[in-house]
Amino acid sequence: MAHTMQSNEIRERYLKFFERQSHKILRGSSLIPNDPSLLLTTAGMVQFVPYFKGELKPEYSRLTTVQRCLRTTDIENIGHTARHLSFFEMLGNFSIGDYFKKEAIPWAWEFITKEIGLDTDRIWISVFTDDDEAYDIWNKDVGVREDRIIRLGESENFWSMGEVGPCGPCSEMLYDLGDHLKCGPDCEPGCDCDRFLEVWNLVFMQYNRQKDGKLEPLPKKNIDTGMGLERVCAILQGAETAFDTDLLKPIVDAVTDVTGAEYGKDKKKDVSIKIVADHARAITFMANDGILPSNESRGYVLRRLTRRAIRHGRMLGSKGLFLHELVDAVIDKMGGVYEDVKKNRLFIKEIIGDEEKRFDKTLKQGLTLLDAYIEKSKKDGKKEIDSALVFKLYDTSGFPFELTKEIAEENGLSVHEKKFDELMQEQRRRTQEMSAGVFVQADVETYAEILENIGKTKFTGYSEEMTEVHIAAILKDGRIVGEAKNGDEVEIILNRTPFYAEMGGQIGDRGVVRTKSASVTVYDTVTPLPDLIVHKGKIDEGGIKKGDKASASIDSARRAAIRRNHTGTHLLHWALRRVLGEHVRQGGSLVDAVHLRFDFTHGQVLKPEDITKIETMVNRQILENHQVKSYTTTFKYATESGAIAFFGEKYGKYVRVLEINDFSRELCGGTHVSRTGDIGQLKITNESSVGANLRRIEAVTGMEAYGRAKEQAGLVKSAEASLKATGTGILDHIKALQETVKRQAREIETLKARFSAIEVASLLSDSDEINGVKVVTAKIKDKDMSELRVIADEIRNRARPSVMVLGSTKGERASLLVAVSKDMAGEKVSADKIIKEVGHLIEGGGGGKPDLAQAGGRDAAGLDRAIDQAGRKLRELLK
């Protein structure tokens with residue numbers, strides 16, 4: 001087969017090949033994994049982890065996908081090797097308790113050698129040291145020669161999901177790219193050079209690792225395989241590196257266009273070109289999946305990659321902003337396969353463009369400071385940059401630590417990462433972005449066992465608020481029990497329920513579950529696993545048993561308020577996009593019975609007139625009382641018909657769509673009003689920033705909005721009574737009062753100046769003189785530091801040359817100031833040195849310059865001594 005096969009054909013061939021082997025083709029998932037313990041989607045198997053763990057049952061046991069992945073563990077190798085990338089596509093086929101090695105190995109060989117035609121004489125196979133089964137299949141069934149199969153140890157050929165849990169040996173298919181790439185005489189498969197390229201990894205999940213390290217055989221064995229698309233493209237297209245394939249070469253060309261650099265002429269520049277091209281792909285897809293630049297979690301990964309790309313773009317000669325042009329190049333290349341990036345082009349360019357603008361100033365300032373730090377370190381003969389300086393660069397200039405480290409290493413210096421982390425911990429005041437989520441008492445394995453035994457919970461809450469049920473399971477203290485008594489805190493699973501479980505920003509329902517002899521107050525409803533609804537509550541009377549018949553009733557008034565707020569967020573989203581632009585996308589939400597909170601992508605503070613316009617548009621739609629309807633359809637049909645899918649959400653084949661008349665259509669599984677008029681009214685209560693390019697609007701609806709309006713009307717009436725004015729006359733009175741306050745403030749300042757002049761005259765008359773220099777030492781009553789500075793300046797203006805020590809107290813606090821005429825500061829007398837000598841006497845610290853220094857302390861009793869000692873020191877220096 002000709003070595004010109006393009007990436008699109010390889011993807012298509014892979015999926016079709018495994019479809020012929022009875023695999024279901026599924027869409028790849030977002031780069032944001034549906035697992036709070038994971039930062040990013042790093043492999044094709046991530047979306048299937050609950051299946052591999054046995055927590056959920058898949059609809060199909062044979063699956064195949066093309067998955068976009070992102071890893072930064074080897075970021076320092078990108079551009080230096082032929083194979084390392086941060087963003088890549090993984091072609092995978094998976095078996096959930098279905099086929100195993102006997103099928104997986106021959107299929108992999110068939111696809112590699114027959115379907116896409118790789119040279120069998122250049123293929124090597126690695127297996128785990130003790131995996132004789134895989135060895136024999138490769139050798140006896142497939143026909144690979146013994147001298148082409150090598151055994152490698154646990155670090156190379158054994159995969160684990162974690163310290164405990166599913167694990168097993170793996171087998172890799174490696175391709176020999178040629179003797180010219182060998183790293184030395186001992187070069188062989190398994191070494192880190194570019195000669196033997198890992199193309200396909202087959203993981204055989206056959207064990208469950210126990211806490212003691214013991215490997216127990218799994219009752220159902222699984223297969224997880226992954227083939228790197230970029231690597232296969234490089235082989236089939238005869239490309240030296242992944243950057244020379246049809247996937248990346250157009251982006252490389254775009255980098256050279258915007259920077260003016262030539263590819264293939266200079267090794268150092270080639271590294272930078274490759275880094276920029278790689279990172280451009282990564283940041284485009286991260287922004288597309290709803291990741292926004294920040295200093296936490298996955299947002300920090302996006303920021304780091306963006307800023308690293310900008311720095312290397314500058315090294316290549318780019319003077320202005322260029323990343324938005326590379327986003328276009330990425331989308332032009334990838335948009336045919338990933339239509340969402342094409343659809344979100346403007347949004348992605350705005351996010352990346354704003355981040356580039358932010359960092360442009362930071363980069364210039366940071367590089368100047370870092371160059372100075374590097375020069376000083378070298379001059380002082382140090383091999384490490386001071387961690388305090390590295391932290392200062394990060395804290396004050398926003399210069400990423402990783403970038404500092406990279407540049408330092410380029411200059412033969414190191415940075416102490418542990419010391420930097422310690423400084424970060426001291427300074428850190430933020431909450432971790434990634435929280436543990438909703439609290440539940442039992443562990444996930446317990447919930448999985450319940451789901452396995454009783455099946456899915458049927459949710460009936462779209463059409464009813466009370467239903468007859470039976471208690472399918474009871475948990476107490478995290479354990480499954482058969483019964484529970486009065487006073488017990490329990491978790492109840494019903495066969496069906498009208499209770500909505502917290503999801504998609506909407507909080508869970510509250511209500512009551514009643515049997516003939518018992519009552520359980522439900523204070524929260526959660527879904528620890530998809531399709532399993534758990535009611536958290538307390539037994540108020542009687543006792544309950546598994547199998548009891550009961551009635552389940554939600555708090556209807558509370559649900560009605562939640563419905564109003566939830567539909568309100570959809571109207572708000574629609575209005576925001578109309579007023580601010582189509583770049584606005586949901587970045588998060590909270591819908592409860594009291595208010596709604598809506599986070600959205602936008603780079604600027606909202607103008608008051610925009611907020612008014614948005615609120616007016618929403619209330620007009622409420623007044624027009626439009627129909628609100630929900631229906632279930634396929635994800636494909638919903639998105640093709642224009643429904644908006646929210647970032648970070650994982651959708652199955654079928655989705656629920658919410659439509660408001662003909663102007664709003666979004667994917668949403670929450671509960672809503674039937675007509676917009678049911679909302680009553682919506683009042684925006686606050687607009688704020690929650691991060692770079694992310695704004696937040698808070699609002700209330702229904703009676704809460706009425707209450708807010710009533711409260712504001714009451715305030716107006718109180719103001720009218722106080723000001724003895726009505727309507728617009730209130731504003732006239734307020735303006736008049738403001739003018740009066742300003743005039744009186746100016747009069748006070750004038751009086752203060754006069755009093756200060758009198759005070760200065762008195763201080764100078766009581767001063768003495770040494771060698772022609774006026775010396776003033778005084779304790780002045782009830783002055784703050786700013787007032788002391790005014791007096792010191794006046795003294796220095798009237799008496800030149802002069803030196804002085806001034807002190808004052810307010811409550812238990814003491815203020816101390818030393819000032820020296822500028823024409824003599826630093827020669828004999830230095831104010832900052834004196835303040836450091838006496839500051840401890842008031843239990844404080846301070847500093848300043850040779851002509852002016854100050855200290856504040858909590859021991860007012862020590863002020864007299866401090867003034868006296870500072871005065872004596874001044875006199876000694878002047879003699």
# chains A, B, ... in the order shown; residues from 1 in each chain; ligands from 1
call {"tool": "residues_around", "arguments": {"residues": "A:Lys545", "least_positions_apart": "3", "cutoff": "7 Å", "atoms": "only C-alpha atoms", "output": "ChimeraX atom specification"}}
result
/A:482-484,548
call {"tool": "residues_around", "arguments": {"residues": "A:Arg83", "least_positions_apart": "3", "cutoff": "8 Å", "atoms": "only C-alpha atoms", "output": "list in words"}}
result
Ile78, Asp194, Leu197, Arg231, Thr241 and Ala242 of chain A
call {"tool": "write_last_selection", "arguments": {"atoms": "N, CA and C atoms", "output": "CSV table (one decimal), in the first residue's frame"}}
result
chain,number,residue,atom,x,y,z
A,78,ILE,N,8.7,18.0,23.8
A,78,ILE,CA,8.0,18.4,22.6
A,78,ILE,C,8.9,19.3,21.8
A,194,ASP,N,14.4,7.7,19.2
A,194,ASP,CA,13.4,7.8,18.2
A,194,ASP,C,13.3,6.6,17.2
A,197,LEU,N,9.5,3.2,17.3
A,197,LEU,CA,8.3,4.0,17.6
A,197,LEU,C,7.1,3.1,18.1
A,231,ARG,N,1.4,9.2,15.0
A,231,ARG,CA,2.5,8.3,14.8
A,231,ARG,C,2.3,7.4,13.5
A,241,THR,N,9.0,13.3,11.2
A,241,THR,CA,8.4,13.5,12.5
A,241,THR,C,6.9,13.7,12.4
A,242,ALA,N,6.1,13.7,13.5
A,242,ALA,CA,4.7,13.9,13.5
A,242,ALA,C,4.4,15.3,12.9
call {"tool": "select_by_dssp", "arguments": {"residues": "stretch 385-568 of chain A", "states": "helix (DSSP H, G or I)", "output": "MDAnalysis selection string"}}
result
chainID A and resid 387:397 401:410 417:427 444:454 556:568
call {"tool": "residues_around", "arguments": {"residues": "A:Gly213", "least_positions_apart": "2", "cutoff": "12 Å", "atoms": "only C-alpha atoms", "output": "PyMOL selection string"}}
result
chain A and resi 160+162-167+207-211+215-216
call {"tool": "closest_residue", "arguments": {"among": "A:Asp35, A:Asp793, A:Glu468, A:Asp74", "to": "A:Ser86", "atoms": "only C-alpha atoms"}}
result
A:Asp74
call {"tool": "atom_distance", "arguments": {"atom1": "atom CA of A:Ala819", "atom2": "atom CA of A:Asp851"}}
result
5.5 Å
call {"tool": "closest_atom_pairs", "arguments": {"of": "stretch 272-350 of chain A", "to": "stretch 691-705 of chain A", "cutoff": "9 Å", "atoms": "only C-alpha atoms", "output": "JSON lines"}}
result
{"residue": "A:Leu292", "atom": "CA", "partner": "A:Ala692", "partner_atom": "CA", "distance": 7.4}
{"residue": "A:Pro293", "atom": "CA", "partner": "A:Ala692", "partner_atom": "CA", "distance": 6.4}
{"residue": "A:Ser294", "atom": "CA", "partner": "A:Ala692", "partner_atom": "CA", "distance": 6.4}
call {"tool": "residues_around", "arguments": {"residues": "A:Pro33", "least_positions_apart": "4", "cutoff": "8 Å", "atoms": "only C-alpha atoms", "output": "list in words"}}
result
Ser29, Leu38, Leu39, Leu40, Thr41, Val46, Gln47 and Gly648 of chain A
call {"tool": "write_last_selection", "arguments": {"atoms": "N, CA, C and O atoms", "output": "PDB file, in the first residue's frame"}}
result
ATOM      1  N   SER A  29     -15.011  11.610  23.786  1.00  0.00           N
ATOM      2  CA  SER A  29     -15.539  12.505  24.815  1.00  0.00           C
ATOM      3  C   SER A  29     -14.771  13.822  24.837  1.00  0.00           C
ATOM      4  O   SER A  29     -13.770  14.003  24.139  1.00  0.00           O
ATOM      5  N   LEU A  38      -9.888  13.364  37.852  1.00  0.00           N
ATOM      6  CA  LEU A  38      -8.995  13.509  36.711  1.00  0.00           C
ATOM      7  C   LEU A  38      -8.991  14.952  36.223  1.00  0.00           C
ATOM      8  O   LEU A  38     -10.026  15.619  36.204  1.00  0.00           O
ATOM      9  N   LEU A  39      -7.811  15.408  35.822  1.00  0.00           N
ATOM     10  CA  LEU A  39      -7.680  16.783  35.345  1.00  0.00           C
ATOM     11  C   LEU A  39      -8.120  16.899  33.893  1.00  0.00           C
ATOM     12  O   LEU A  39      -8.885  17.792  33.523  1.00  0.00           O
ATOM     13  N   LEU A  40      -7.633  15.982  33.042  1.00  0.00           N
ATOM     14  CA  LEU A  40      -7.905  16.033  31.617  1.00  0.00           C
ATOM     15  C   LEU A  40      -8.092  14.624  31.059  1.00  0.00           C
ATOM     16  O   LEU A  40      -7.682  13.644  31.699  1.00  0.00           O
ATOM     17  N   THR A  41      -8.673  14.535  29.892  1.00  0.00           N
ATOM     18  CA  THR A  41      -8.793  13.245  29.212  1.00  0.00           C
ATOM     19  C   THR A  41      -7.445  12.927  28.565  1.00  0.00           C
ATOM     20  O   THR A  41      -7.020  13.596  27.628  1.00  0.00           O
ATOM     21  N   VAL A  46     -10.681   6.729  29.177  1.00  0.00           N
ATOM     22  CA  VAL A  46     -11.135   7.536  30.319  1.00  0.00           C
ATOM     23  C   VAL A  46     -12.653   7.533  30.456  1.00  0.00           C
ATOM     24  O   VAL A  46     -13.190   7.369  31.549  1.00  0.00           O
ATOM     25  N   GLN A  47     -13.373   7.700  29.339  1.00  0.00           N
ATOM     26  CA  GLN A  47     -14.834   7.764  29.447  1.00  0.00           C
ATOM     27  C   GLN A  47     -15.456   6.414  29.801  1.00  0.00           C
ATOM     28  O   GLN A  47     -16.625   6.349  30.189  1.00  0.00           O
ATOM     29  N   GLY A 648     -18.576  21.041  29.521  1.00  0.00           N
ATOM     30  CA  GLY A 648     -18.298  20.227  30.698  1.00  0.00           C
ATOM     31  C   GLY A 648     -19.323  19.138  30.944  1.00  0.00           C
ATOM     32  O   GLY A 648     -19.115  18.272  31.776  1.00  0.00           O
TER      33      GLY A 648
END
call {"tool": "residues_around", "arguments": {"residues": "A:Asp610", "least_positions_apart": "4", "cutoff": "10 Å", "atoms": "only C-alpha atoms", "output": "list in words"}}
result
Leu576, Val579, Leu580, Val605, Leu606, Ile614, Glu615 and Thr616 of chain A
call {"tool": "write_last_selection", "arguments": {"atoms": "C-alpha atoms", "output": "short mmCIF file (atom, residue, chain, number, x, y, z; two decimals), in the first residue's frame"}}
result
data_model
loop_
_atom_site.label_atom_id
_atom_site.label_comp_id
_atom_site.auth_asym_id
_atom_site.auth_seq_id
_atom_site.Cartn_x
_atom_site.Cartn_y
_atom_site.Cartn_z
CA LEU A 576 -26.90 37.65 26.99
CA VAL A 579 -26.92 41.75 23.69
CA LEU A 580 -23.25 40.78 24.09
CA VAL A 605 -17.46 44.25 32.74
CA LEU A 606 -21.09 44.64 31.70
CA ILE A 614 -30.78 42.16 29.26
CA GLU A 615 -33.20 42.34 32.19
CA THR A 616 -35.82 44.13 30.05
#
call {"tool": "closest_atom_pairs", "arguments": {"of": "stretch 89-121 of chain A", "to": "stretch 5-23 of chain A", "cutoff": "9 Å", "atoms": "only C-alpha atoms", "output": "tab-separated table"}}
result
residue	atom	partner	partner_atom	distance
A:Leu91	CA	A:Tyr14	CA	7.4
A:Gly92	CA	A:Tyr14	CA	8.7
A:Asn93	CA	A:Phe18	CA	7.3
A:Phe94	CA	A:His23	CA	8.3
A:Ser95	CA	A:His23	CA	8.7
A:Trp107	CA	A:Phe18	CA	8.5
A:Phe111	CA	A:Phe17	CA	7.5
A:Glu115	CA	A:Arg13	CA	7.5
A:Ile116	CA	A:Ile10	CA	7.6
call {"tool": "residues_around", "arguments": {"residues": "A:Ala134", "least_positions_apart": "2", "cutoff": "8 Å", "atoms": "only C-alpha atoms", "output": "list in words"}}
result
Lys101, Ile105, Val127, Asp131, Asp132, Asp136, Ile137, Trp138 and Ser171 of chain A
call {"tool": "write_last_selection", "arguments": {"atoms": "C-alpha atoms", "output": "JSON list (two decimals), in the first residue's frame"}}
result
[["chain", "number", "residue", "atom", "x", "y", "z"],
["A", 101, "LYS", "CA", -6.15, -11.59, 24.05],
["A", 105, "ILE", "CA", -3.93, -9.43, 19.28],
["A", 127, "VAL", "CA", 5.11, -8.34, 26.07],
["A", 131, "ASP", "CA", 2.82, -13.02, 30.00],
["A", 132, "ASP", "CA", 3.39, -16.33, 28.21],
["A", 136, "ASP", "CA", 2.32, -17.54, 22.40],
["A", 137, "ILE", "CA", -0.55, -15.77, 20.59],
["A", 138, "TRP", "CA", 1.90, -13.40, 18.87],
["A", 171, "SER", "CA", 1.76, -5.59, 24.82]]
call {"tool": "residues_around", "arguments": {"residues": "A:Arg148", "least_positions_apart": "4", "cutoff": "9 Å", "atoms": "only C-alpha atoms", "output": "ChimeraX atom specification"}}
result
/A:123-126,144
call {"tool": "atom_distance", "arguments": {"atom1": "atom CA of A:Asp176", "atom2": "atom CA of A:Arg195"}}
result
5.8 Å
